[in-house]
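Presented below is the structure to which this report refers.
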Amino acid sequence: MSIITLILAALVALEHFYIMYLETFTTQSKATARVFNMSQEELQRQSVSNLFKNQGIYNGLIAVFLLYGLMTGSKLLVLVFLLNVVLVALYGSLTADRKIIIKQGGLAILALLTFLF
């Protein structure tokens, strides 16, 4: 893997740790409301809060396994988790907000392109 791929993939992992932080630890904060374009009142609903915390764990695990792949030099693991991020961002852009493909998937797409070429 090139140094550019390593850097971009590490940034994808950091991005997902940040998403995990927002969703799991600061679920009802102003920052979380702003990033996810939701009201704080909506984020305070128990069902929404629980769903966010669950999503946060998934995002954290994506980051952990992506970093693990980078540290061990496992190209397959890095490829799988970059594809995971891109496919989830694509799904989110089709079902929730078109901007998700750039916001969440942009770095992963760049990392994937540098990985493949």
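In the structure tokens, chains take the letters A, B, ... in the order shown, each chain's residues start at 1, and ligands count up from 1 in the order shown.
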
Close residues, A:Leu6 itself excluded, 10 Å, only C-alpha atoms, min 3 positions apart in chain, as a PDB file with C-alpha atoms, in the first residue's frame:
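Saved file part.pdb follows:
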ATOM      1  CA  MET A   1       0.000   0.000   0.000  1.00  0.00           C
ATOM      2  CA  SER A   2       1.223   3.471  -0.792  1.00  0.00           C
ATOM      3  CA  ILE A   3       1.840   6.078   1.884  1.00  0.00           C
ATOM      4  CA  ALA A   9      -7.275   5.046   5.361  1.00  0.00           C
ATOM      5  CA  ALA A  10      -6.039   6.254   8.770  1.00  0.00           C
ATOM      6  CA  LEU A  11      -8.084   9.433   8.292  1.00  0.00           C
ATOM      7  CA  VAL A  12     -11.137   7.296   7.497  1.00  0.00           C
ATOM      8  CA  LEU A  67      -6.503   0.496  11.895  1.00  0.00           C
ATOM      9  CA  LEU A  70      -3.207  -0.906   8.484  1.00  0.00           C
ATOM     10  CA  MET A  71      -0.966  -1.917  11.396  1.00  0.00           C
ATOM     11  CA  GLY A  73      -0.357  -4.773   6.645  1.00  0.00           C
ATOM     12  CA  VAL A  78      -8.184  -2.616   4.630  1.00  0.00           C
ATOM     13  CA  ALA A 111      -8.396   5.832  -0.122  1.00  0.00           C
ATOM     14  CA  THR A 114      -5.321   5.019  -4.256  1.00  0.00           C
ATOM     15  CA  PHE A 115      -5.447   1.439  -2.984  1.00  0.00           C
TER      16      PHE A 115
END

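Using only C-alpha atoms, the protein and nucleic acid residues lying no more than 7 Å from A:Asn59, apart from those fewer than 2 places from it along its own chain, are His16, Phe17, Ile19, Met20, Gln55, Gly56, Ile57, Leu61, Ile62 and Ala63 of chain A.
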
Quick one: write out the picked residues with N, CA and C atoms as a PDB file, in the first residue's frame?
ATOM      1  N   HIS A  16     -14.284   7.810  11.650  1.00  0.00           N
ATOM      2  CA  HIS A  16     -15.259   6.904  12.264  1.00  0.00           C
ATOM      3  C   HIS A  16     -15.159   6.885  13.785  1.00  0.00           C
ATOM      4  N   PHE A  17     -13.974   7.130  14.326  1.00  0.00           N
ATOM      5  CA  PHE A  17     -13.876   7.306  15.780  1.00  0.00           C
ATOM      6  C   PHE A  17     -14.632   8.570  16.206  1.00  0.00           C
ATOM      7  N   ILE A  19     -17.237   9.890  14.624  1.00  0.00           N
ATOM      8  CA  ILE A  19     -18.657   9.564  14.520  1.00  0.00           C
ATOM      9  C   ILE A  19     -19.085   8.737  15.732  1.00  0.00           C
ATOM     10  N   MET A  20     -18.239   7.773  16.129  1.00  0.00           N
ATOM     11  CA  MET A  20     -18.541   6.970  17.313  1.00  0.00           C
ATOM     12  C   MET A  20     -18.664   7.865  18.550  1.00  0.00           C
ATOM     13  N   GLN A  55     -25.314   2.486  16.750  1.00  0.00           N
ATOM     14  CA  GLN A  55     -24.599   2.856  15.522  1.00  0.00           C
ATOM     15  C   GLN A  55     -23.170   3.282  15.834  1.00  0.00           C
ATOM     16  N   GLY A  56     -23.002   3.964  16.940  1.00  0.00           N
ATOM     17  CA  GLY A  56     -21.675   4.422  17.335  1.00  0.00           C
ATOM     18  C   GLY A  56     -20.714   3.272  17.537  1.00  0.00           C
ATOM     19  N   ILE A  57     -21.201   2.199  18.134  1.00  0.00           N
ATOM     20  CA  ILE A  57     -20.350   1.030  18.342  1.00  0.00           C
ATOM     21  C   ILE A  57     -19.927   0.448  16.995  1.00  0.00           C
ATOM     22  N   LEU A  61     -16.075   0.109  15.672  1.00  0.00           N
ATOM     23  CA  LEU A  61     -15.481  -1.159  15.236  1.00  0.00           C
ATOM     24  C   LEU A  61     -14.925  -1.066  13.817  1.00  0.00           C
ATOM     25  N   ILE A  62     -15.586  -0.321  12.954  1.00  0.00           N
ATOM     26  CA  ILE A  62     -15.029  -0.093  11.617  1.00  0.00           C
ATOM     27  C   ILE A  62     -13.657   0.555  11.743  1.00  0.00           C
ATOM     28  N   ALA A  63     -13.569   1.552  12.608  1.00  0.00           N
ATOM     29  CA  ALA A  63     -12.289   2.247  12.803  1.00  0.00           C
ATOM     30  C   ALA A  63     -11.231   1.310  13.369  1.00  0.00           C
TER      31      ALA A  63
END

Task: Atomic separation - atom CA of A:Leu116 relative to atom CA of A:Tyr18, Å - done: 26.0 Å

Task: Among listed residues A:Asn84, A:Thr27, A:Asn37, A:Asn50, nearest A:Asp97 (using only C-alpha atoms) - done: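 Smallest distance to A:Asp97 is found for A:Asn37.
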
Task: Selected residue, from A:Val35, A:Leu107, A:Leu87, A:Leu43, that lies nearest to A:Glu15 when counting only C-alpha atoms - done: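 Among the listed residues, the smallest separation from A:Glu15 belongs to A:Leu107.
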
Task: Which of A:Ile7, A:Val48, A:Ala13, A:Leu22 sits closest to A:Leu82 [using only C-alpha atoms] - done: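 Looking at the shortest contact to A:Leu82, the residue is A:Ala13.
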